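Asker: Structure file input23.cif, mmCIF, C-alpha atoms, is pasted below:
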data_model
#
loop_
_atom_site.label_atom_id
_atom_site.label_comp_id
_atom_site.auth_asym_id
_atom_site.auth_seq_id
_atom_site.Cartn_x
_atom_site.Cartn_y
_atom_site.Cartn_z
CA MET A 52 0.00 0.00 0.00
CA SER A 53 1.30 3.44 -0.86
CA ASP A 54 2.00 6.19 1.68
CA SER A 55 -1.19 7.97 0.71
CA SER A 56 -3.58 5.10 1.39
CA LEU A 57 -5.93 5.55 4.33
CA ILE A 58 -4.70 2.31 5.90
CA THR A 59 -1.10 3.55 5.88
CA GLN A 60 -2.17 6.92 7.28
CA LEU A 61 -4.10 5.22 10.09
CA THR A 62 -1.13 2.94 10.85
CA ASP A 63 1.11 6.01 11.14
CA ALA A 64 -1.46 7.74 13.37
CA PHE A 65 -1.45 4.77 15.79
CA ARG A 66 2.28 5.26 16.33
CA CYS A 67 1.57 8.27 18.58
CA LEU A 68 0.62 5.73 21.28
CA PRO A 69 3.35 4.77 23.79
CA GLY A 70 5.00 1.42 23.06
CA VAL A 71 3.42 1.10 19.60
CA GLY A 72 5.88 0.53 16.75
CA PRO A 73 5.15 -0.13 13.05
CA LYS A 74 4.34 -3.85 13.52
CA THR A 75 1.97 -3.33 16.46
CA ALA A 76 0.30 -0.40 14.69
CA GLN A 77 -0.30 -2.56 11.62
CA ARG A 78 -1.72 -5.36 13.79
CA MET A 79 -4.09 -2.90 15.50
CA VAL A 80 -5.31 -1.40 12.22
CA LEU A 81 -5.93 -4.79 10.56
CA HIS A 82 -7.63 -6.13 13.71
CA LEU A 83 -10.08 -3.21 13.79
CA LEU A 84 -10.75 -3.30 10.02
CA GLU A 85 -11.19 -7.07 9.84
CA ARG A 86 -12.86 -7.88 13.13
CA ASP A 87 -14.03 -4.92 15.23
CA ARG A 88 -15.31 -1.91 13.28
CA ASP A 89 -17.77 -1.01 16.05
CA GLY A 90 -14.94 -0.95 18.58
CA GLY A 91 -12.94 1.24 16.21
CA ARG A 92 -15.84 3.65 15.74
CA ARG A 93 -16.42 3.88 19.50
CA LEU A 94 -12.69 4.49 20.09
CA ALA A 95 -12.64 7.23 17.41
CA SER A 96 -15.61 9.08 18.91
CA LYS A 97 -14.49 8.83 22.57
CA LEU A 98 -11.00 9.90 21.56
CA ALA A 99 -12.18 12.94 19.60
CA LEU A 100 -14.43 13.91 22.51
CA ALA A 101 -11.79 13.44 25.22
CA MET A 102 -9.04 15.34 23.37
CA GLU A 103 -11.30 18.42 23.33
CA ALA A 104 -13.25 18.09 26.59
CA VAL A 105 -10.66 16.93 29.13
CA GLY A 106 -8.84 19.72 30.95
CA ASN A 107 -7.39 20.19 34.42
CA CYS A 108 -9.37 20.38 37.68
CA GLU A 109 -9.36 23.96 38.99
CA SER A 110 -8.70 22.74 42.49
CA CYS A 111 -6.22 19.85 42.21
CA ARG A 112 -4.98 20.09 38.57
CA ASN A 113 -5.87 16.43 37.90
CA LEU A 114 -7.28 15.57 34.45
CA THR A 115 -11.07 15.87 34.26
CA GLU A 116 -13.79 16.93 31.83
CA ALA A 117 -15.52 18.91 34.62
CA THR A 118 -14.40 22.26 36.09
CA VAL A 119 -13.67 20.59 39.44
CA CYS A 120 -12.92 16.85 39.49
CA GLU A 121 -14.97 14.18 41.24
CA ILE A 122 -12.52 13.65 44.09
CA CYS A 123 -12.37 17.39 44.88
CA CYS A 124 -16.20 17.52 44.76
CA ASP A 125 -16.63 14.58 47.15
CA PRO A 126 -17.56 15.96 50.62
CA ARG A 127 -17.16 12.52 52.27
CA ARG A 128 -13.39 12.60 51.92
CA GLU A 129 -11.11 13.46 54.81
CA ALA A 130 -10.67 17.24 54.51
CA ARG A 131 -7.48 17.70 56.50
CA THR A 132 -4.94 15.80 54.36
CA LEU A 133 -3.66 16.69 50.90
CA CYS A 134 -1.54 14.19 49.01
CA VAL A 135 0.83 15.81 46.48
CA VAL A 136 1.69 13.57 43.48
CA GLU A 137 3.45 14.06 40.16
CA THR A 138 0.95 12.61 37.67
CA PRO A 139 -2.71 11.59 37.25
CA ALA A 140 -1.49 7.97 37.07
CA ASP A 141 -0.18 8.33 40.66
CA VAL A 142 -3.67 9.40 41.82
CA LEU A 143 -5.16 6.31 40.15
CA ALA A 144 -2.55 4.05 41.81
CA ILE A 145 -3.18 5.46 45.31
CA GLU A 146 -6.97 5.36 44.83
CA HIS A 147 -6.65 1.76 43.63
CA SER A 148 -4.76 0.80 46.84
CA GLY A 149 -7.76 2.02 48.86
CA SER A 150 -5.48 3.20 51.66
CA TYR A 151 -6.04 6.96 51.42
CA ARG A 152 -9.24 8.97 51.85
CA GLY A 153 -8.03 12.58 51.73
CA TYR A 154 -7.69 14.98 48.78
CA TYR A 155 -4.97 15.25 46.12
CA PHE A 156 -2.90 17.84 44.35
CA VAL A 157 -1.32 16.89 41.02
CA LEU A 158 1.89 18.72 40.05
CA MET A 159 1.79 17.40 36.43
CA GLY A 160 5.56 16.93 36.54
CA CYS A 161 8.31 17.93 38.95
CA LEU A 162 10.79 20.79 39.24
CA SER A 163 13.42 20.56 36.53
CA PRO A 164 15.02 23.94 35.73
CA ILE A 165 17.00 22.39 32.85
CA ASP A 166 13.70 21.56 31.08
CA GLY A 167 12.22 24.95 31.95
CA ILE A 168 9.91 23.52 34.62
CA GLY A 169 9.86 25.91 37.57
CA PRO A 170 7.45 26.53 40.47
CA ALA A 171 4.87 28.16 38.15
CA GLU A 172 4.71 25.08 35.87
CA ILE A 173 4.02 22.68 38.76
CA GLY A 174 1.31 25.00 40.12
CA ILE A 175 2.85 26.07 43.45
CA ASP A 176 0.49 29.09 43.70
CA ALA A 177 -2.56 26.83 43.31
CA LEU A 178 -1.06 24.44 45.88
CA LEU A 179 -0.56 27.22 48.44
CA LYS A 180 -4.11 28.43 47.82
CA ARG A 181 -5.40 24.88 48.25
CA CYS A 182 -3.47 24.50 51.54
CA GLN A 183 -5.36 27.42 53.05
CA LYS A 184 -8.63 25.45 52.86
CA SER A 185 -8.84 23.17 55.97
CA ILE A 186 -5.59 21.29 55.16
CA GLU A 187 -3.55 20.29 58.22
CA GLU A 188 -1.09 17.85 56.62
CA VAL A 189 0.52 17.74 53.18
CA ILE A 190 1.77 14.25 52.26
CA LEU A 191 4.49 14.38 49.60
CA ALA A 192 4.15 11.28 47.40
CA VAL A 193 6.58 12.41 44.69
CA GLY A 194 9.26 10.13 43.25
CA SER A 195 12.70 9.65 44.79
CA THR A 196 14.58 10.84 41.70
CA ILE A 197 16.83 13.90 42.02
CA GLU A 198 14.01 16.07 40.59
CA GLY A 199 11.49 14.46 42.94
CA GLU A 200 13.69 15.11 45.99
CA ALA A 201 14.22 18.73 44.92
CA THR A 202 10.48 19.19 44.42
CA ALA A 203 9.72 17.65 47.82
CA HIS A 204 12.28 19.93 49.48
CA TYR A 205 10.93 23.04 47.71
CA ILE A 206 7.29 22.30 48.56
CA SER A 207 8.12 21.56 52.17
CA GLU A 208 9.94 24.94 52.42
CA VAL A 209 7.00 26.93 51.04
CA VAL A 210 4.19 25.04 52.77
CA LYS A 211 5.62 24.84 56.33
CA PRO A 212 5.35 28.66 56.89
CA LEU A 213 1.56 28.31 56.46
CA GLY A 214 1.50 26.22 59.64
CA VAL A 215 0.76 23.02 57.71
CA GLN A 216 2.53 19.78 58.66
CA VAL A 217 4.52 18.25 55.77
CA SER A 218 5.31 14.52 55.53
CA ARG A 219 6.92 12.26 52.92
CA ILE A 220 5.75 8.72 52.12
CA ALA A 221 8.16 6.01 53.30
CA HIS A 222 10.74 4.48 51.01
CA GLY A 223 11.95 0.97 51.77
CA ILE A 224 11.78 -2.69 50.81
CA PRO A 225 8.56 -3.50 48.87
CA LEU A 226 6.30 -6.10 50.47
CA GLY A 227 7.50 -9.56 49.45
CA GLY A 228 10.75 -8.04 48.13
CA GLU A 229 13.86 -10.19 48.49
CA LEU A 230 16.57 -8.25 50.32
CA GLU A 231 19.34 -9.54 48.07
CA PHE A 232 17.69 -8.22 44.90
CA VAL A 233 16.88 -4.73 46.22
CA ASP A 234 19.07 -1.87 44.96
CA GLY A 235 21.53 -0.04 47.21
CA GLY A 236 19.60 3.24 47.32
CA THR A 237 16.42 1.54 48.48
CA LEU A 238 18.35 -0.49 51.10
CA SER A 239 19.98 2.63 52.47
CA HIS A 240 16.54 4.34 52.71
CA ALA A 241 15.13 1.25 54.42
CA LEU A 242 17.93 1.25 57.01
CA GLN A 243 17.68 4.98 57.70
CA GLY A 244 13.89 4.73 58.02
CA ARG A 245 13.98 1.76 60.45
CA LYS A 246 11.41 1.68 63.23
CA ILE A 247 12.14 0.81 66.87
CA LEU A 248 9.84 -2.08 67.92
CA MET B 128 -12.64 8.25 38.56
CA SER B 129 -16.16 6.90 38.21
CA ASP B 130 -17.34 4.61 35.41
CA SER B 131 -19.13 7.50 33.75
CA SER B 132 -16.12 9.82 33.41
CA LEU B 133 -14.90 10.42 29.88
CA ILE B 134 -11.40 9.24 30.82
CA THR B 135 -12.75 5.88 32.03
CA GLN B 136 -14.89 5.53 28.90
CA LEU B 137 -11.89 6.26 26.67
CA THR B 138 -9.76 3.76 28.63
CA ASP B 139 -12.44 1.10 28.08
CA ALA B 140 -12.66 1.99 24.38
CA PHE B 141 -8.90 1.44 23.97
CA ARG B 142 -9.32 -2.14 25.15
CA CYS B 143 -10.77 -3.14 21.79
CA LEU B 144 -7.18 -3.07 20.49
CA PRO B 145 -5.31 -6.40 20.42
CA GLY B 146 -2.89 -6.88 23.31
CA VAL B 147 -4.18 -3.85 25.24
CA GLY B 148 -5.25 -4.57 28.84
CA PRO B 149 -6.44 -2.12 31.51
CA LYS B 150 -2.94 -0.92 32.48
CA THR B 151 -1.77 -0.31 28.90
CA ALA B 152 -5.07 1.39 28.03
CA GLN B 153 -4.67 3.75 31.01
CA ARG B 154 -1.08 4.50 29.99
CA MET B 155 -2.18 5.31 26.42
CA VAL B 156 -5.01 7.59 27.57
CA LEU B 157 -2.84 9.52 30.04
CA HIS B 158 -0.01 9.80 27.50
CA LEU B 159 -2.32 11.35 24.89
CA LEU B 160 -4.04 13.69 27.38
CA GLU B 161 -0.83 14.86 29.04
CA ARG B 162 1.58 14.94 26.15
CA ASP B 163 0.13 14.43 22.68
CA ARG B 164 -3.33 15.88 22.11
CA ASP B 165 -2.58 16.57 18.44
CA GLY B 166 -1.59 12.95 17.92
CA GLY B 167 -4.82 11.88 19.65
CA ARG B 168 -6.92 14.16 17.45
CA ARG B 169 -5.23 12.89 14.28
CA LEU B 170 -5.74 9.28 15.40
CA ALA B 171 -9.43 9.93 16.14
CA SER B 172 -10.09 11.48 12.74
CA LYS B 173 -8.16 8.88 10.69
CA LEU B 174 -9.85 6.10 12.66
CA ALA B 175 -13.36 7.47 12.12
CA LEU B 176 -12.62 7.89 8.41
CA ALA B 177 -11.06 4.44 7.92
CA MET B 178 -13.81 2.56 9.78
CA GLU B 179 -16.35 3.95 7.26
CA ALA B 180 -14.33 4.21 4.05
CA VAL B 181 -12.25 1.02 3.98
CA GLY B 182 -13.91 -1.93 2.28
CA ASN B 183 -12.73 -4.88 0.20
CA CYS B 184 -11.17 -4.73 -3.25
CA GLU B 185 -13.64 -6.00 -5.85
CA SER B 186 -10.94 -7.98 -7.58
CA CYS B 187 -8.73 -9.47 -4.80
CA ARG B 188 -10.80 -8.90 -1.63
CA ASN B 189 -7.88 -7.11 0.11
CA LEU B 190 -8.71 -4.13 2.36
CA THR B 191 -8.79 -0.82 0.47
CA GLU B 192 -10.70 2.45 0.43
CA ALA B 193 -10.93 2.28 -3.39
CA THR B 194 -13.21 0.01 -5.45
CA VAL B 195 -10.18 -1.86 -6.81
CA CYS B 196 -6.96 -1.84 -4.77
CA GLU B 197 -3.62 -0.38 -5.87
CA ILE B 198 -1.96 -3.72 -6.51
CA CYS B 199 -4.83 -4.92 -8.73
CA CYS B 200 -4.73 -1.58 -10.60
CA ASP B 201 -0.98 -1.78 -11.26
CA PRO B 202 -0.43 -2.86 -14.90
CA ARG B 203 3.32 -3.32 -14.37
CA ARG B 204 2.82 -6.44 -12.24
CA GLU B 205 3.29 -9.91 -13.66
CA ALA B 206 -0.15 -10.87 -14.93
CA ARG B 207 0.19 -14.65 -15.03
CA THR B 208 0.62 -15.48 -11.30
CA LEU B 209 -1.94 -15.13 -8.53
CA CYS B 210 -0.84 -15.62 -4.92
CA VAL B 211 -3.65 -16.78 -2.61
CA VAL B 212 -3.24 -15.71 1.05
CA GLU B 213 -5.42 -15.77 4.16
CA THR B 214 -5.18 -12.17 5.40
CA PRO B 215 -4.22 -8.62 4.34
CA ALA B 216 -1.24 -8.91 6.74
CA ASP B 217 0.10 -11.78 4.58
CA VAL B 218 -0.02 -9.51 1.50
CA LEU B 219 1.97 -6.86 3.40
CA ALA B 220 4.54 -9.45 4.52
CA ILE B 221 5.07 -10.81 0.98
CA GLU B 222 5.19 -7.29 -0.52
CA HIS B 223 7.73 -6.34 2.15
CA SER B 224 9.96 -9.28 1.18
CA GLY B 225 10.12 -7.84 -2.35
CA SER B 226 10.26 -11.36 -3.84
CA TYR B 227 6.92 -11.47 -5.66
CA ARG B 228 5.64 -9.31 -8.51
CA GLY B 229 2.33 -10.98 -9.44
CA TYR B 230 -1.20 -10.34 -8.18
CA TYR B 231 -2.92 -11.49 -4.99
CA PHE B 232 -6.20 -12.95 -3.84
CA VAL B 233 -7.09 -12.59 -0.14
CA LEU B 234 -9.39 -15.25 1.33
CA MET B 235 -10.01 -13.22 4.53
CA GLY B 236 -9.82 -16.43 6.57
CA CYS B 237 -9.72 -20.12 5.70
CA LEU B 238 -12.26 -22.96 5.42
CA SER B 239 -13.56 -23.89 8.84
CA PRO B 240 -17.02 -25.55 8.68
CA ILE B 241 -17.24 -25.60 12.52
CA ASP B 242 -17.13 -21.77 12.55
CA GLY B 243 -19.54 -21.55 9.61
CA ILE B 244 -16.81 -20.54 7.15
CA GLY B 245 -17.47 -22.32 3.87
CA PRO B 246 -16.41 -21.71 0.24
CA ALA B 247 -18.76 -18.72 -0.09
CA GLU B 248 -17.18 -16.91 2.90
CA ILE B 249 -13.65 -17.23 1.53
CA GLY B 250 -14.81 -15.96 -1.89
CA ILE B 251 -14.22 -19.05 -4.04
CA ASP B 252 -16.54 -17.70 -6.77
CA ALA B 253 -14.55 -14.48 -6.99
CA LEU B 254 -11.31 -16.51 -7.04
CA LEU B 255 -12.52 -18.68 -9.93
CA LYS B 256 -13.63 -15.56 -11.81
CA ARG B 257 -10.22 -13.97 -11.15
CA CYS B 258 -8.43 -17.10 -12.44
CA GLN B 259 -10.09 -16.73 -15.83
CA LYS B 260 -8.24 -13.44 -16.43
CA SER B 261 -4.74 -14.26 -17.80
CA ILE B 262 -3.73 -16.34 -14.72
CA GLU B 263 -1.50 -19.35 -15.52
CA GLU B 264 -0.35 -20.26 -11.99
CA VAL B 265 -2.04 -20.03 -8.59
CA ILE B 266 0.45 -20.01 -5.70
CA LEU B 267 -1.16 -21.15 -2.44
CA ALA B 268 0.48 -19.23 0.42
CA VAL B 269 -2.00 -20.28 3.12
CA GLY B 270 -0.95 -21.47 6.58
CA SER B 271 -0.02 -25.08 7.37
CA THR B 272 -2.71 -25.48 10.04
CA ILE B 273 -5.39 -28.16 9.52
CA GLU B 274 -7.77 -25.46 8.19
CA GLY B 275 -5.02 -24.07 5.94
CA GLU B 276 -4.25 -27.52 4.50
CA ALA B 277 -7.97 -28.19 3.90
CA THR B 278 -8.32 -24.80 2.19
CA ALA B 279 -5.27 -25.44 0.00
CA HIS B 280 -6.63 -28.86 -0.99
CA TYR B 281 -10.09 -27.46 -1.77
CA ILE B 282 -8.77 -24.57 -3.88
CA SER B 283 -6.41 -26.84 -5.79
CA GLU B 284 -9.36 -29.17 -6.61
CA VAL B 285 -11.57 -26.35 -7.97
CA VAL B 286 -8.85 -24.38 -9.76
CA LYS B 287 -7.07 -27.25 -11.60
CA PRO B 288 -10.08 -28.01 -13.88
CA LEU B 289 -9.72 -24.47 -15.30
CA GLY B 290 -6.35 -25.53 -16.72
CA VAL B 291 -4.45 -23.36 -14.23
CA GLN B 292 -1.29 -24.71 -12.57
CA VAL B 293 -1.51 -24.79 -8.74
CA SER B 294 1.55 -24.65 -6.46
CA ARG B 295 2.13 -24.40 -2.71
CA ILE B 296 4.90 -22.33 -1.06
CA ALA B 297 7.63 -24.47 0.52
CA HIS B 298 7.66 -25.34 4.20
CA GLY B 299 10.97 -26.05 5.88
CA ILE B 300 13.70 -24.75 8.15
CA PRO B 301 13.70 -20.90 8.33
CA LEU B 302 16.91 -19.20 7.21
CA GLY B 303 19.32 -19.06 10.14
CA GLY B 304 17.12 -21.54 12.05
CA GLU B 305 18.91 -23.96 14.36
CA LEU B 306 17.95 -27.53 13.51
CA GLU B 307 17.75 -28.61 17.16
CA PHE B 308 15.16 -25.96 18.02
CA VAL B 309 12.85 -26.58 15.04
CA ASP B 310 9.60 -28.41 15.79
CA GLY B 311 8.94 -31.94 14.54
CA GLY B 312 6.26 -30.99 11.99
CA THR B 313 8.55 -28.45 10.31
CA LEU B 314 11.46 -30.96 10.29
CA SER B 315 9.28 -33.61 8.68
CA HIS B 316 8.17 -31.11 5.99
CA ALA B 317 11.80 -30.11 5.45
CA LEU B 318 12.88 -33.74 4.96
CA GLN B 319 9.99 -34.59 2.62
CA GLY B 320 10.62 -31.44 0.59
CA ARG B 321 14.40 -32.05 0.20
CA LYS B 322 16.04 -31.17 -3.11
CA ILE B 323 18.52 -33.33 -5.00
CA LEU B 324 21.71 -31.29 -5.60
#
Using structure tokens, write down the structure that the file contains.
Answerer:
Amino acid sequence: MSDSSLITQLTDAFRCLPGVGPKTAQRMVLHLLERDRDGGRRLASKLALAMEAVGNCESCRNLTEATVCEICCDPRREARTLCVVETPADVLAIEHSGSYRGYYFVLMGCLSPIDGIGPAEIGIDALLKRCQKSIEEVILAVGSTIEGEATAHYISEVVKPLGVQVSRIAHGIPLGGELEFVDGGTLSHALQGRKIL
Amino acid sequence: MSDSSLITQLTDAFRCLPGVGPKTAQRMVLHLLERDRDGGRRLASKLALAMEAVGNCESCRNLTEATVCEICCDPRREARTLCVVETPADVLAIEHSGSYRGYYFVLMGCLSPIDGIGPAEIGIDALLKRCQKSIEEVILAVGSTIEGEATAHYISEVVKPLGVQVSRIAHGIPLGGELEFVDGGTLSHALQGRKIL
């Protein structure tokens, strides 16, 4: 098929998805065309809709098609804790664990001056504004990369003056993790964070 | 996010793609929303277009948005051979190898009475009609499954009476294949199909 054929164009368009190379894209296109046109039509319409309608929650910056997202709108959640995460996927992971009932704030990245991501880009003003509403503890659930550590340090410095307690989620050995296969950085965190029994 | 949110609906819609489970679907949705809205829009529009416009070539049954596909329209191809394959992906694979310059006929499956796929479903009438136009040899490039063998046998029985030569592509050890790792069926084909030097 030539470069101008619709099938080739669709195959190329599929390559915008993460982890999809030419072979997978071709498999997806032929699967939809041969076996699941309804699924393909539904995907096309939801995709077109979502690309236009989904924006960021005014309160927590998470992705949502509403002005304020469902979690921020839910009055049954615990109003005194705010969990700060890097991405919407982190919110989904914590929600899925079922171990947290407070609110969230999504940075949509972390501080990285070299990439031009400063305090404004990760929404520090919105975070400070959010902290003034009934929040007593900010839990930093950002990654333990260099950028994550810098972001955690920065947020803790700007939030503490508001009289809000700042904590950081624990780093250590994962449940069921074999000590001998755990990396040095994690081991050193686990030792430093040991608890007296 | 609740079941009714657009993001959840889009994640579900992505699961119609082969090899895409809930985690991969979520990763795709968040990637497009956070980083590649233009790619998402382009994918949505090409997908909507292709699902409606792509049909089957009147001559070879391959997928195309035209009435007759590009290969069938190309007068420079060798007009005396017709290669019979099961799927459009097989056409792409043979074209990619660059080793064949004749025309194709795509069965869009193979004979499987238990699934209700008989001669009509694999387009035997169209194949016989196609064979009457300048074709001197039909090359059967169908799979070596039970259904593939049955299909090859059936086609050879109906095509031979038209005075057309019927051949089958060779089965054997793949190039660079290690003999000790090749399965028994392939080895037995390779031994039966040996050539005197």
Asker: Here is a test: counting only C-alpha atoms, which residue of A:Ser56, A:Leu230, A:Leu248, A:Val193 is nearest to B:Glu197?
Answerer: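 Of all the options, A:Ser56 lies closest to B:Glu197.
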Asker: Can you list, as a ChimeraX atom specification, the residues that the PyMOL selection byres ((chain A) within 6 of (chain B)) selects here?
Answerer: /A:61,64,67-68,79,88,90,92,94-95,97-99,102
Asker: Given all atoms listed in the file as the basis, pick out the residue of A:Gly169, A:Pro164, A:Gly153, A:Gly223 nearest to A:Gly235.
Answerer: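 For A:Gly235, the nearest of the given residues is A:Gly223.
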Asker: On this structure, which residues satisfy the PyMOL selection byres ((chain B and resi 286) around 10), written as a VMD selection string?
Answerer: chain B and resid 251 254 to 255 258 to 259 264 to 265 281 to 285 287 to 293
Asker: Take the residues just selected and output them with C-alpha atoms as a PDB file, in the coordinates of the input.
Answerer:
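What ended up in result-v9.pdb:
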ATOM      1  CA  ILE B 251     -14.220 -19.050  -4.040  1.00  0.00           C
ATOM      2  CA  LEU B 254     -11.310 -16.510  -7.040  1.00  0.00           C
ATOM      3  CA  LEU B 255     -12.520 -18.680  -9.930  1.00  0.00           C
ATOM      4  CA  CYS B 258      -8.430 -17.100 -12.440  1.00  0.00           C
ATOM      5  CA  GLN B 259     -10.090 -16.730 -15.830  1.00  0.00           C
ATOM      6  CA  GLU B 264      -0.350 -20.260 -11.990  1.00  0.00           C
ATOM      7  CA  VAL B 265      -2.040 -20.030  -8.590  1.00  0.00           C
ATOM      8  CA  TYR B 281     -10.090 -27.460  -1.770  1.00  0.00           C
ATOM      9  CA  ILE B 282      -8.770 -24.570  -3.880  1.00  0.00           C
ATOM     10  CA  SER B 283      -6.410 -26.840  -5.790  1.00  0.00           C
ATOM     11  CA  GLU B 284      -9.360 -29.170  -6.610  1.00  0.00           C
ATOM     12  CA  VAL B 285     -11.570 -26.350  -7.970  1.00  0.00           C
ATOM     13  CA  LYS B 287      -7.070 -27.250 -11.600  1.00  0.00           C
ATOM     14  CA  PRO B 288     -10.080 -28.010 -13.880  1.00  0.00           C
ATOM     15  CA  LEU B 289      -9.720 -24.470 -15.300  1.00  0.00           C
ATOM     16  CA  GLY B 290      -6.350 -25.530 -16.720  1.00  0.00           C
ATOM     17  CA  VAL B 291      -4.450 -23.360 -14.230  1.00  0.00           C
ATOM     18  CA  GLN B 292      -1.290 -24.710 -12.570  1.00  0.00           C
ATOM     19  CA  VAL B 293      -1.510 -24.790  -8.740  1.00  0.00           C
TER      20      VAL B 293
END
Asker: Separation of atom CA of A:Pro225 and atom CA of A:Arg112, in Å?
Answerer: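 Here the two named atoms are 29.1 Å from each other.
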Asker: Could you tell me, as a list in words, which residues have any atom at most 9 Å from (19.6, 17.2, 38.1), counting all atoms listed in the file?
Answerer: Ser163, Pro164, Ile165, Thr196, Ile197, Glu198 and Ala201 of chain A
Asker: Pick from B:Leu267, B:Ala297, B:Leu302, B:Ile323: nearest to B:Thr208, with all atoms listed in the file counted?
Answerer: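 Result for the nearest residue to B:Thr208: B:Leu267.
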Asker: Could you write out as a ChimeraX atom specification the residues that the PyMOL selection byres ((chain B and resi 205) around 10) matches in the shown file?
Answerer: /B:201-204,206-209,227-230,262
Asker: Calculate how many Å separate atom CA of A:Ser218 from atom CA of A:Glu187, rounding to one decimal.
Answerer: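 A separation of 10.9 Å between them.
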Asker: Can you tell me how far atom CA of A:Gly160 sits from atom CA of A:Gly228, in Å to one decimal?
Answerer: 28.0 Å
Asker: Choose the residue, out of A:Ala203, A:Ala192, A:Cys111, A:Leu242, that has the smallest atom-to-atom separation from A:Asp141; count only C-alpha atoms.
Answerer: A:Ala192
Asker: Looking at all atoms listed in the file, which of B:Arg162, B:Phe308, B:Val211, B:Asp242 is the one that sits closest to B:Asn189?
Answerer: B:Val211
